[in-house]
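J.: Below is the structure I would like to discuss, written out as structure tokens.
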Amino acid sequence: MWSSARQIAADVRARRASAVDICREALRRINVADPPLHAFLETTESHALARAAAVDAAVAAGQPVGPLAGVPMALKDNICTRFSRTTAGSKILAQHRSPFDATVVQRIEAAGAVVVGKTNLDEFAMGSSTENSAFGPTRNPWDLERVPGGSSGGSAAAVAAGIVPLALGSDTGGSIRQPASFTGVVGLKPTYGRVSRYGLIAYGSSLDQIGPLATSVADAALLLSVIAGHDRHDSTSVDGEPIALTADTPPDVAGLRIGLPRQYFGDGLDEEVRAAVMAAVELLSQLGAQVVEVDLPHSQQNIAVYYVIAMAEASSNLARYDGVHYGHRSAAAADIFELYARSRSEALGAEVKRRIMLGTFALSSGYYDAYYLTALKARRLIQRDFTAALARCDLIACPAAPTPAFRFGEKSDDPLAMYLADVYTIAANLAGIPGLVAPCGFSRQGLPIGLQLLAAPFAENTLLRVMRAYEANTDWWARRPPHGVA
Ligand code: GLN
């Protein structure tokens with residue numbers, strides 16, 4: 001088990017530990033623990049060792065090193081890095097090498113982090129299980145017959161298995177929070193605009209955010225504080241209030257109002273998940289929080305609205321994979337139109353094709369008003385629901401997913417069943433608000449269950465404070481999965 005990222009960085013700064021030794025240990029852990037899981041698509045050994053040596057040299061020379069000094073990290077493989085391939089889990093980008101580093105990569109490296117590898121994901125982040133990866137699925141460290149969630153399943157599994165203490169994922173409709181829930185780790189989707197998307201391979205540009213996966217709330221806060229802030233390469237990024245959370249004193253939650261949306265506890269919610277989330281809310285109320293019921297009346301529309309908007313944006317974003325600009329180019333084409341069609345047909349997976357077709361249809365002349373425009377209007381109503389609900393409370397508590405981790409194949413033949421797994425996470429993306437997930441119990445079968453907290457735009461500090469109080473009063477955090485580093 002790693003000590004916290006905070007502790008690793010403190011030890012490296014104080015020369016109690018060497019970044020190179022820590023990096024070697026992380027690489028060893030990939031070798032021993034990853035084969036049954038397949039969380040990693042690529043290990044970036046030589047780059048990592050060079051970065052770690054540079055951190056040690058800076059410490060030795062008395063130069064300042066950042067808050068992530070020597071911390072080994074994994075990055076979801078839709079985050080562009082010059083020092084490895086960036087595949088987005090797709091055959092079409094199987095050999096793609098980005099000419100630049102994403103802004104988040106520049107920031108974590110400037111803070112001293114050591115990237116040891118790139119992690120598996122559903123192709124182009126489209127999915128909820130990693131079963132859509134062109135390179136084979138990732139397995140859940142708690143049960144190898146079950147999915148780790150998706151699409152950031154590789155990053156979540158790598159952290160849950162103790163291979164790395166910290167990872168980055170991306171969340172368009174739950175892809176950080178649902179895998180965090182399925183693997184028993186902390187996952188944070190920041191407010192839309194909090195973190196630069198420059199160098200994140202775009203899926204749904206009005207929904208996508210990059211965020212941390214960690215083993216503690218304080219580590220998630222630390223990583224968010226490093227990656228947050230305005231970037232001139234992403235005009236949607238803004239400077240919010242700085243992220244501040246001290247790991248040592250559990251914050252006081254007395255007097256905070258926690259809203260329970262009645263629509264999030266109805267049909268389709270697994271009884272064990274309901275019981276675990278309600279017990280967590282009960283604990284927060286014993287700690288002094290006040291529980292109120294709130295209403296999110298348009299919740300019924302979440303899935304339909306999200307999938308129209310996400311697919312429409314995806315169809316437009318993925319037009320660039322045409323066999324000319326990027327990636328796979330068909331060898332069998334006689335003219336330019338055949339080149340486009342064949343390159344895409346040969347190298348994109350079934351789910352990605354389904355979304356491109358549905359998204360193109362929703363945007364097409366004659367159907368635009370009926371589908372895309374209607375979805376945009378409904379999105380505004382969903383946003384207003386949250387504004388109204390969050391006027392009555394400081395944060396909302398709800399499940400992260402309707403069930404614990406499901407089995408391979410259980411939903412992969414039925415796209416609608418898979419889409420329903422996102423029912424509690426997608427609204428935060430539609431509304432642009434932050435969401436934080438952390439473990440709040442285990443099912444009888446020993447599978448982790450996650451608690452989700454949602455708050456107003458840029459109120460990440462409230463989420464982190466309350467979850468830190470919850471963490472300090474529970475011990476789910478100490479449990480280790482059977483398939484990981486001892
Ligand atoms: N499962 C959702 C989808 O397939 C969300 C994915 C994500 O957040 N990247 O769109």
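So you can find residues: chains in the structure tokens are A, B, ... in the order shown, residues in each start at 1, and ligands are numbered from 1 in order.
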Neighbours of ligand 1 at 10 Å or closer, counting only C-alpha atoms and all ligand atoms: which residues, as a PyMOL selection string?
T.: chain A and resi 121-130+132+149-152+169-179+189+202-204+207-210+303+306-307+309-311+314+351-352+355+415+418-423+425-426+429
J.: Would you give me, as JSON lines, each residue of region 139-246 of chain A having an atom within 8 Å of an atom of region 449-462 of chain A, along with its shortest atom pair and that distance in Å to one decimal, using only C-alpha atoms and sorting by chain and residue number?
T.:
{"residue": "A:Arg177", "atom": "CA", "partner": "A:Gln452", "partner_atom": "CA", "distance": 7.9}
{"residue": "A:Ala180", "atom": "CA", "partner": "A:Gly450", "partner_atom": "CA", "distance": 7.3}
{"residue": "A:Ser181", "atom": "CA", "partner": "A:Gly450", "partner_atom": "CA", "distance": 4.2}
{"residue": "A:Phe182", "atom": "CA", "partner": "A:Ile449", "partner_atom": "CA", "distance": 6.6}
{"residue": "A:Gly184", "atom": "CA", "partner": "A:Ile449", "partner_atom": "CA", "distance": 6.7}
{"residue": "A:Pro190", "atom": "CA", "partner": "A:Glu460", "partner_atom": "CA", "distance": 7.0}
{"residue": "A:Thr191", "atom": "CA", "partner": "A:Pro457", "partner_atom": "CA", "distance": 5.6}
{"residue": "A:Tyr192", "atom": "CA", "partner": "A:Pro457", "partner_atom": "CA", "distance": 7.9}
{"residue": "A:Arg194", "atom": "CA", "partner": "A:Phe458", "partner_atom": "CA", "distance": 7.4}
{"residue": "A:Gly240", "atom": "CA", "partner": "A:Phe458", "partner_atom": "CA", "distance": 6.2}
{"residue": "A:Glu241", "atom": "CA", "partner": "A:Phe458", "partner_atom": "CA", "distance": 7.0}
{"residue": "A:Ile243", "atom": "CA", "partner": "A:Asn461", "partner_atom": "CA", "distance": 6.1}
{"residue": "A:Ala244", "atom": "CA", "partner": "A:Asn461", "partner_atom": "CA", "distance": 6.6}
{"residue": "A:Leu245", "atom": "CA", "partner": "A:Asn461", "partner_atom": "CA", "distance": 7.2}
J.: Looking at A:Ser155, A:Asn120, A:Ser364, A:Ser216, which one is nearest to Asp475 (chain A), with distances taken over only C-alpha atoms?
T.: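 Counting only C-alpha atoms, the residue closest to Asp475 (chain A) is A:Ser216.
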J.: Could you pull the residues within 8 Å of Leu296 (chain A), counting only C-alpha atoms, minus those fewer than 4 positions along the same chain, as a ChimeraX atom specification?
T.: /A:261-263,382,385-386,389
J.: Using only C-alpha atoms, which residue out of A:Leu283, A:Val12, A:Leu348, A:Leu269 lies closest to Asp56 (chain A)?
T.: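 Smallest separation from Asp56 (chain A) among the options: A:Val12.
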J.: Might you pull out every residue within 12 Å of Gln286 (chain A), with only C-alpha atoms counted and same-chain residues fewer than 3 positions away left off, and present them as a list of chain:residue names?
T.: A:Asp252, A:Val253, A:Ala254, A:Gly255, A:Leu256, A:Ala279, A:Ala280, A:Val281, A:Glu282, A:Leu283, A:Ala289, A:Gln290, A:Val291, A:Ala469, A:Tyr470, A:Asn473
J.: Have a look at CA of Ser206 (chain A) and CA of Leu358 (chain A) and let me know their distance in Å, one decimal.
T.: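 Between CA of Ser206 (chain A) and CA of Leu358 (chain A) the gap works out to 17.8 Å.
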J.: Nearest to Ser343 (chain A): which of A:Ile92, A:Val273, A:Leu37, A:Val238 is it, counting only C-alpha atoms?
T.: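 Going through A:Ile92, A:Val273, A:Leu37, A:Val238 one by one, the smallest distance to Ser343 (chain A) is for A:Ile92.
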J.: Applying 10 Å and only C-alpha atoms, which residues near Ala110 (chain A) remain after dropping the ones on its own chain fewer than 4 positions away? List them as a PyMOL selection string.
T.: chain A and resi 55+65-69+104-106+114+226
J.: Could you write out the selected residues, including all heavy atoms, as a short mmCIF file (atom, residue, chain, number, x, y, z; two decimals), in the first residue's frame?
T.:
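Generated output (result.cif):
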data_model
loop_
_atom_site.label_atom_id
_atom_site.label_comp_id
_atom_site.auth_asym_id
_atom_site.auth_seq_id
_atom_site.Cartn_x
_atom_site.Cartn_y
_atom_site.Cartn_z
N VAL A 55 13.73 15.20 -10.31
CA VAL A 55 13.16 15.65 -9.03
C VAL A 55 14.21 15.48 -7.92
O VAL A 55 14.45 16.41 -7.13
CB VAL A 55 11.87 14.87 -8.69
CG1 VAL A 55 11.42 15.13 -7.25
CG2 VAL A 55 10.76 15.21 -9.67
N VAL A 65 10.80 22.19 -5.26
CA VAL A 65 10.06 21.18 -6.03
C VAL A 65 8.60 21.30 -5.63
O VAL A 65 8.29 21.78 -4.55
CB VAL A 65 10.58 19.75 -5.80
CG1 VAL A 65 11.90 19.53 -6.50
CG2 VAL A 65 10.67 19.44 -4.33
N GLY A 66 7.71 20.84 -6.48
CA GLY A 66 6.28 21.11 -6.28
C GLY A 66 5.60 20.17 -5.31
O GLY A 66 6.23 19.26 -4.75
N PRO A 67 4.30 20.37 -5.13
CA PRO A 67 3.53 19.60 -4.16
C PRO A 67 3.32 18.13 -4.54
O PRO A 67 2.83 17.37 -3.72
CB PRO A 67 2.18 20.34 -4.12
CG PRO A 67 2.11 21.10 -5.39
CD PRO A 67 3.53 21.45 -5.77
N LEU A 68 3.67 17.75 -5.79
CA LEU A 68 3.55 16.34 -6.17
C LEU A 68 4.93 15.71 -6.35
O LEU A 68 5.07 14.69 -7.04
CB LEU A 68 2.74 16.20 -7.46
CG LEU A 68 1.27 16.63 -7.41
CD1 LEU A 68 0.64 16.54 -8.81
CD2 LEU A 68 0.48 15.77 -6.43
N ALA A 69 5.96 16.29 -5.73
CA ALA A 69 7.34 15.84 -5.94
C ALA A 69 7.48 14.33 -5.77
O ALA A 69 7.23 13.79 -4.70
CB ALA A 69 8.28 16.56 -4.98
N VAL A 104 -2.83 19.67 -18.43
CA VAL A 104 -2.76 18.99 -17.12
C VAL A 104 -1.45 18.24 -16.95
O VAL A 104 -0.93 18.13 -15.84
CB VAL A 104 -3.95 18.02 -16.89
CG1 VAL A 104 -5.26 18.78 -16.74
CG2 VAL A 104 -4.04 16.96 -17.98
N VAL A 105 -0.91 17.72 -18.04
CA VAL A 105 0.37 16.99 -17.97
C VAL A 105 1.49 17.97 -17.64
O VAL A 105 2.33 17.71 -16.77
CB VAL A 105 0.64 16.23 -19.29
CG1 VAL A 105 2.01 15.57 -19.27
CG2 VAL A 105 -0.45 15.19 -19.54
N GLN A 106 1.49 19.11 -18.32
CA GLN A 106 2.50 20.14 -18.00
C GLN A 106 2.40 20.53 -16.53
O GLN A 106 3.41 20.69 -15.85
CB GLN A 106 2.29 21.37 -18.87
CG GLN A 106 2.64 21.12 -20.33
CD GLN A 106 2.29 22.32 -21.20
OE1 GLN A 106 2.03 23.41 -20.70
NE2 GLN A 106 2.28 22.13 -22.51
N VAL A 114 5.49 12.10 -11.39
CA VAL A 114 6.23 11.19 -12.27
C VAL A 114 5.20 10.27 -12.94
O VAL A 114 4.62 9.40 -12.28
CB VAL A 114 7.25 10.38 -11.44
CG1 VAL A 114 7.91 9.32 -12.30
CG2 VAL A 114 8.29 11.32 -10.83
N VAL A 226 -3.52 21.35 -8.20
CA VAL A 226 -2.41 21.48 -9.16
C VAL A 226 -2.93 21.69 -10.58
O VAL A 226 -2.39 22.49 -11.34
CB VAL A 226 -1.50 20.23 -9.09
CG1 VAL A 226 -0.51 20.20 -10.26
CG2 VAL A 226 -0.75 20.18 -7.76
#
J.: Would you compute the distance between CA of Glu131 (chain A) and CA of Lys411 (chain A)? Give it in Å to one decimal.
T.: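 Atom-to-atom, CA of Glu131 (chain A) and CA of Lys411 (chain A) are spaced 9.7 Å apart.
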